[in-house]
Structure formats: structure tokens, C-alpha cells
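S.K.: Dropping a structure here in C-alpha cells format, bear with me for questions.
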Amino acid sequence: MSDIRLLRPEELPLCQRLESDRDWSTDEAKWRLMFEAGEVYAVDAADGDGLAGCVVVTRYGDSLAGVGMMLVAGRYGRQGLGTRLMEHALEVAGDRVVELTATRFGRPVYERLGFRTTGSLTITMGPMQGTAWPSGAREATPDDHAALLALDAEVTGADRGKALSALLATAERTVVTDGGFAVAWNAGPHRVIGPVVAPSEEAARELILAAAHGADRDVRIDLLDAYPGLRPWLTGLGPAEGPAALPTMVYGAHRHPGDRGRYVAPILISMG
């Protein structure tokens with residue numbers, strides 16, 4: 001098997017081909033953000049046909065790293081490649097706490113490597129049109145960005161300035177309330193809302209309504225455990241939950257850093 005190598009952004013189509021092999025489909029905009037904010041590592045297929053596997057590592061300052069998109073082509077399954085890629089990801093992460101969202105296929109690999117389950121993430125997706133603009137939220141301006149980065153660092157326990165700044169630069173809409181914010185961005189067929197940080201469930205609802213306001217496409221929000229009441233409330237507005245909640249996991253610590261009680265939706269779903 002080939003060595004693990006760092007992919008270049010122009011090799012993004014190789015990742016999409018690998019996804020199709022596993023019946024995954026990630027919006028190209030999300031892949032571009034992962035290439036810009038993180039590092040995409042891969043192993044070339046021994047038969048010369050694309051990639052045998054890949055993994056994405058996004059380092060947030062010196063304290064946290066997200067790992068996701070761990071994919072292995074079906075014909076190379078059960079040969080230890082997934083474990084090899086994850087061990088490389090942990091080596092790249094160094095002393096940082098590592099977090100991810102696991103699929104049922106990846107979870108046994110992560111548990112063997114020492115990851116522990118800390119919570120869950122629920123994918124919600126669907127039409128959410130006709131929502132009124134709430135009185136408690138407003139559109140952000142560039143003058144708000146420094147405060148947003150500081151709030152994000154407080155809640156996640158890490159400096160995610162590079163990734164968040166890249167997202168803010170291309171966002172469809174960024175909305176703020178006292179002690180919270182939400183970013184809505186164009187991911188092709190979806191308006192993705194995330195990250196979302198909110199000091200209360202009421203504030204989270206206002207931020208989500210403002211971020212979704214006027215959407216001409218399905219809305220996708222990946223909800224964490226901060227405010228469990230958001231899940232039935234959101235599905236009551238139209239978006240449907242995915243088939244099952246996915247476990248969130250952490251390595252190198254007993255829990256995620258920061259004040260995750262206010263962390264409503266992630267910047268990227270680091271799924272694998």
C-alpha cells in the first residue's frame with residue numbers, strides 16, 4: 001500500500017470519487033472549506049484507480065483538532081487502512097484534544113484507538129420556508145467579527161479563527177444576538193446553518209429562524225446536545241431528522257474543551 005500523502009486542493013474530485021464508492025455525498029462547498037481550513041491526507045489505490053482512503057485533520061490553534069471524512073474504498077476494507085489513517089491523523093494532531101462525529105462503521109475503530117463517546121449529533125434537513133425574522137436577532141457586520149471569533153473560542157475552548165474567518169468571508173448570512181451567533185452558508189442544494197452558539201434555547205431559536213429566513217433551498221442543521229428541546233421544535237418547522245443520532249467522540253481528554261453547553265451546531269460535521 002502506498003504512503004499517506006497530503007492532497008492538493010485540485011485533487012478534490014478524487015475525494016468525491018471515493019465518497020461515491022461508499023455511497024456518501026458531501027457538498028463540494030464543504031470539501032473546499034475542509035481543504036482551506038484543514039489538511040486532507042490520502043493513500044493512493046494500489047490498482048491505480050483513484051484513492052484507497054482519506055482522512056481530514058483540522059487543527060484549531062494549539063489545543064483542539066477535528067478529524068473527519070475518514071473514508072476507505074470498499075475494495076480495501078478490512079485491511080487495516082482505516083486504523084492506519086486514524087493513527088496518522090492523531091500523529092498530525094499532536095498533543096491537541098481530538099474530536100469527531102462517528103458513523104456506525106467508524107466507531108469501533110475509534111474506540112480501539114482510545115476515543116470515548118461524549119454526546120450525540122442529530123442531522124436535520126428539509127424545507128424551512130416562510131419563517132419570520134425574530135426580533136431578538138440582527139444581521140452581523142464586519143465590526144462584529146472579532147467578537148464572534150472570541151465567543152467561538154470561549155465556547156469551543158480553541159482558536160478556530162482560520163476556519164471561521166474563511167466561512168464568514170463567503171457566508172450567505174451571519175446573524176447575532178446578545179451572547180450568540182449563527183452562520184448560514186451555501187452548500188449547493190442546502191443552506192447549511194452552523195456554527196451556532198447561543199446562551200439559551202430561546203436565543204438559539206431566534207438565531208436559527210434568522211439564519212434560515214428567506215431560504216430558497218432545503219435547510220440543514222446538525223444539532224448537538226446543548227438544548228434538547230430544539231430537535232422537536234425544529235422538526236415541527238419542516239426539516240426532518242436523519243435516521244439516527246450519531247455519537248460525538250473525544251480523544252486525549254475526558255470531555256470536549258470549552259463551554260459546550262452553549263454550542264448548538266458545529267462549523268463542520270467531522271464525520272467518519
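Identifiers in this document derive from the order of the C-alpha cells: chains are assigned A, B, ..., residues are numbered from 1 separately in each chain, and ligands are numbered from 1 in order of occurrence.
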Compile the contact shell of Asp159 in chain A as a list in words: residues with an atom at most 6 Å away, counting only C-alpha atoms, same-chain residues fewer than 5 positions apart removed.
M.R.: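 After dropping sequence-adjacent residues, the list is Tyr60, Gly61 and Ala153 of chain A.
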S.K.: Could you save those same residues with C-alpha atoms as a short mmCIF file (atom, residue, chain, number, x, y, z; two decimals), in the first residue's frame?
M.R.:
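Output (part15.cif):
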data_model
loop_
_atom_site.label_atom_id
_atom_site.label_comp_id
_atom_site.auth_asym_id
_atom_site.auth_seq_id
_atom_site.Cartn_x
_atom_site.Cartn_y
_atom_site.Cartn_z
CA TYR A 60 -7.68 24.67 15.78
CA GLY A 61 -4.84 26.56 17.44
CA ALA A 153 -13.07 30.39 21.21
#
S.K.: At a cut-off of 8 Å, using only C-alpha atoms, what residues contact range 104-112 of chain A? Leave out same-chain residues fewer than 4 positions from it and give the result as number ranges by chain.
M.R.: A: 70, 82-83, 86, 116, 246, 272
S.K.: Could you take the residues named above and write them with N, CA and C atoms, as an mmCIF file, in the first residue's frame?
M.R.:
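Full text of part-v4.cif as output:
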data_model
loop_
_atom_site.group_PDB
_atom_site.id
_atom_site.type_symbol
_atom_site.label_atom_id
_atom_site.label_comp_id
_atom_site.auth_asym_id
_atom_site.auth_seq_id
_atom_site.Cartn_x
_atom_site.Cartn_y
_atom_site.Cartn_z
ATOM 1 N N MET A 70 -13.173 10.221 7.252
ATOM 2 C CA MET A 70 -12.320 9.044 7.157
ATOM 3 C C MET A 70 -13.039 8.018 6.279
ATOM 4 N N GLY A 82 -8.188 1.944 7.577
ATOM 5 C CA GLY A 82 -8.854 2.949 8.399
ATOM 6 C C GLY A 82 -8.090 3.233 9.671
ATOM 7 N N THR A 83 -7.608 2.201 10.321
ATOM 8 C CA THR A 83 -6.806 2.381 11.536
ATOM 9 C C THR A 83 -5.517 3.130 11.224
ATOM 10 N N MET A 86 -6.305 6.827 10.758
ATOM 11 C CA MET A 86 -6.620 7.488 12.019
ATOM 12 C C MET A 86 -5.382 7.655 12.887
ATOM 13 N N ARG A 116 -13.544 8.245 23.286
ATOM 14 C CA ARG A 116 -14.682 7.963 24.160
ATOM 15 C C ARG A 116 -15.880 8.782 23.705
ATOM 16 N N LEU A 246 -25.876 10.469 15.769
ATOM 17 C CA LEU A 246 -24.504 9.979 15.639
ATOM 18 C C LEU A 246 -23.727 10.312 16.905
ATOM 19 N N GLY A 272 -16.949 10.391 10.292
ATOM 20 C CA GLY A 272 -16.167 9.362 9.647
ATOM 21 C C GLY A 272 -16.447 7.990 10.242
#
S.K.: Can you write out as CSV which residues of range 201-264 of chain A fall within 7 Å of range 121-140 of chain A, alongside each residue's closest atom pair and its distance in Å to one decimal, counting only C-alpha atoms and ordering rows by chain and ascending residue number?
M.R.:
residue,atom,partner,partner_atom,distance
A:Glu206,CA,A:Pro134,CA,5.6
A:Leu207,CA,A:Ala137,CA,6.2
A:Leu209,CA,A:Thr131,CA,6.2
A:Ala210,CA,A:Trp133,CA,5.3
A:His213,CA,A:Thr131,CA,5.5
A:Gly214,CA,A:Gln129,CA,6.4
A:Ala215,CA,A:Gln129,CA,6.2
A:Arg217,CA,A:Pro127,CA,6.7
A:Asp218,CA,A:Pro127,CA,4.4
A:Val219,CA,A:Gly126,CA,5.4
A:Arg220,CA,A:Met125,CA,4.3
A:Ile221,CA,A:Thr124,CA,5.4
A:Asp222,CA,A:Ile123,CA,4.4
A:Leu223,CA,A:Thr122,CA,5.1
A:Leu224,CA,A:Leu121,CA,4.7
A:Asp225,CA,A:Leu121,CA,6.9
A:Leu237,CA,A:Met128,CA,6.2
A:Gly238,CA,A:Met128,CA,5.4
A:Pro239,CA,A:Gly126,CA,3.9
A:Ala240,CA,A:Thr124,CA,5.3
A:Glu241,CA,A:Thr124,CA,4.3
A:Gly242,CA,A:Ile123,CA,5.2
A:Ala245,CA,A:Thr122,CA,4.7
A:Leu246,CA,A:Leu121,CA,5.1
A:Pro247,CA,A:Leu121,CA,6.3
A:Thr248,CA,A:Leu121,CA,6.5
S.K.: In Å, how far is it from CA of Ala65 in chain A to CA of Thr141 in chain A?
M.R.: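 Separation between CA of Ala65 in chain A and CA of Thr141 in chain A: 28.2 Å.
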S.K.: Hey, which of A:Ala37, A:Val98, A:Leu18, A:Leu167 ends up closest to Tyr76 in chain A? Count only C-alpha atoms.
M.R.: A:Leu18
S.K.: Write out as a list of chain:residue names which residues come within 12 Å of His88 in chain A when counting only C-alpha atoms, dropping same-chain ones fewer than 4 positions away.
M.R.: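 The filter keeps A:Asp3, A:Ile4, A:Arg5, A:Leu6, A:Glu39, A:Val40, A:Tyr41, A:Ala42, A:Val43, A:Cys54, A:Val55, A:Val56, A:Val57, A:Val67, A:Met70, A:Leu81, A:Gly82, A:Thr83, A:Arg84, A:Val92, A:Ala93, A:Gly94, A:Leu113.
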S.K.: Please identify all polymer residues within 8 Å of Leu149 in chain A, counting only C-alpha atoms, omitting same-chain residues fewer than 3 positions from it, and present them as JSON, numbers by chain.
M.R.: {"A": [145, 146, 152, 153, 159, 160, 161, 164]}
S.K.: Give me a file of those residues, with N, CA, C and O atoms, as a PDB file, in the first residue's frame.
M.R.:
ATOM      1  N   HIS A 145     -17.092  40.745  13.761  1.00  0.00           N
ATOM      2  CA  HIS A 145     -16.343  39.504  13.545  1.00  0.00           C
ATOM      3  C   HIS A 145     -15.355  39.194  14.659  1.00  0.00           C
ATOM      4  O   HIS A 145     -15.234  38.030  15.080  1.00  0.00           O
ATOM      5  N   ALA A 146     -14.663  40.170  15.170  1.00  0.00           N
ATOM      6  CA  ALA A 146     -13.695  39.904  16.238  1.00  0.00           C
ATOM      7  C   ALA A 146     -14.402  39.355  17.476  1.00  0.00           C
ATOM      8  O   ALA A 146     -13.911  38.416  18.120  1.00  0.00           O
ATOM      9  N   ASP A 152     -16.624  32.274  19.939  1.00  0.00           N
ATOM     10  CA  ASP A 152     -16.427  30.904  19.467  1.00  0.00           C
ATOM     11  C   ASP A 152     -15.293  30.228  20.235  1.00  0.00           C
ATOM     12  O   ASP A 152     -15.410  29.058  20.633  1.00  0.00           O
ATOM     13  N   ALA A 153     -14.198  30.951  20.464  1.00  0.00           N
ATOM     14  CA  ALA A 153     -13.068  30.390  21.208  1.00  0.00           C
ATOM     15  C   ALA A 153     -13.458  30.061  22.645  1.00  0.00           C
ATOM     16  O   ALA A 153     -13.028  29.045  23.207  1.00  0.00           O
ATOM     17  N   ASP A 159      -8.885  28.158  19.385  1.00  0.00           N
ATOM     18  CA  ASP A 159      -8.818  29.231  18.392  1.00  0.00           C
ATOM     19  C   ASP A 159      -9.161  28.656  17.021  1.00  0.00           C
ATOM     20  O   ASP A 159      -8.323  28.026  16.371  1.00  0.00           O
ATOM     21  N   ARG A 160     -10.393  28.857  16.593  1.00  0.00           N
ATOM     22  CA  ARG A 160     -10.824  28.369  15.283  1.00  0.00           C
ATOM     23  C   ARG A 160     -10.905  29.514  14.279  1.00  0.00           C
ATOM     24  O   ARG A 160     -11.672  29.458  13.313  1.00  0.00           O
ATOM     25  N   GLY A 161     -10.090  30.540  14.508  1.00  0.00           N
ATOM     26  CA  GLY A 161     -10.171  31.752  13.704  1.00  0.00           C
ATOM     27  C   GLY A 161      -9.979  31.524  12.221  1.00  0.00           C
ATOM     28  O   GLY A 161     -10.673  32.134  11.403  1.00  0.00           O
ATOM     29  N   LEU A 164     -13.206  29.747  10.826  1.00  0.00           N
ATOM     30  CA  LEU A 164     -14.392  30.587  10.951  1.00  0.00           C
ATOM     31  C   LEU A 164     -14.281  31.831  10.084  1.00  0.00           C
ATOM     32  O   LEU A 164     -15.273  32.253   9.467  1.00  0.00           O
TER      33      LEU A 164
END
S.K.: Which is closest to Met34 in chain A among A:Pro142, A:Arg205, A:Gly119, A:Ala163, if we use only C-alpha atoms?
M.R.: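 Between A:Pro142, A:Arg205, A:Gly119, A:Ala163, the residue approaching Met34 in chain A most closely is A:Ala163.
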S.K.: So which residues touch Ala226 in chain A within 6 Å, counting only C-alpha atoms, skipping near sequence neighbours fewer than 6 positions away, as a ChimeraX atom specification?
M.R.: /A:261-264
S.K.: Could you give me the residues within range 2-242 of chain A that DSSP places in strand (DSSP E), as number ranges by chain?
M.R.: A: 4-6, 39-44, 51-60, 64-72, 97-101, 116-126, 138-139, 173-177, 180-187, 190-197, 218-223, 240-241
S.K.: Quick one: pull the distance between CA of Glu172 in chain A and CA of Arg260 in chain A, Å, one decimal.
M.R.: 25.2 Å
S.K.: Rank nothing, just name the residue among A:Ile267, A:Leu51, A:Cys15, A:Val97 nearest to His254 in chain A, using only C-alpha atoms.
M.R.: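 Distance minimum relative to His254 in chain A lands on A:Val97.
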S.K.: Calculate how many Å separate CA of Tyr227 in chain A from CA of Ala204 in chain A, rounding to one decimal.
M.R.: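 Computing it gives 8.5 Å between the two atoms.
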S.K.: Please identify the alpha helix (DSSP H) residues within range 67-209 of chain A (assignment by DSSP from backbone atoms) and present them as a VMD selection string.
M.R.: chain A and resid 81 to 93 107 to 113 145 to 156 161 to 170 201 to 209
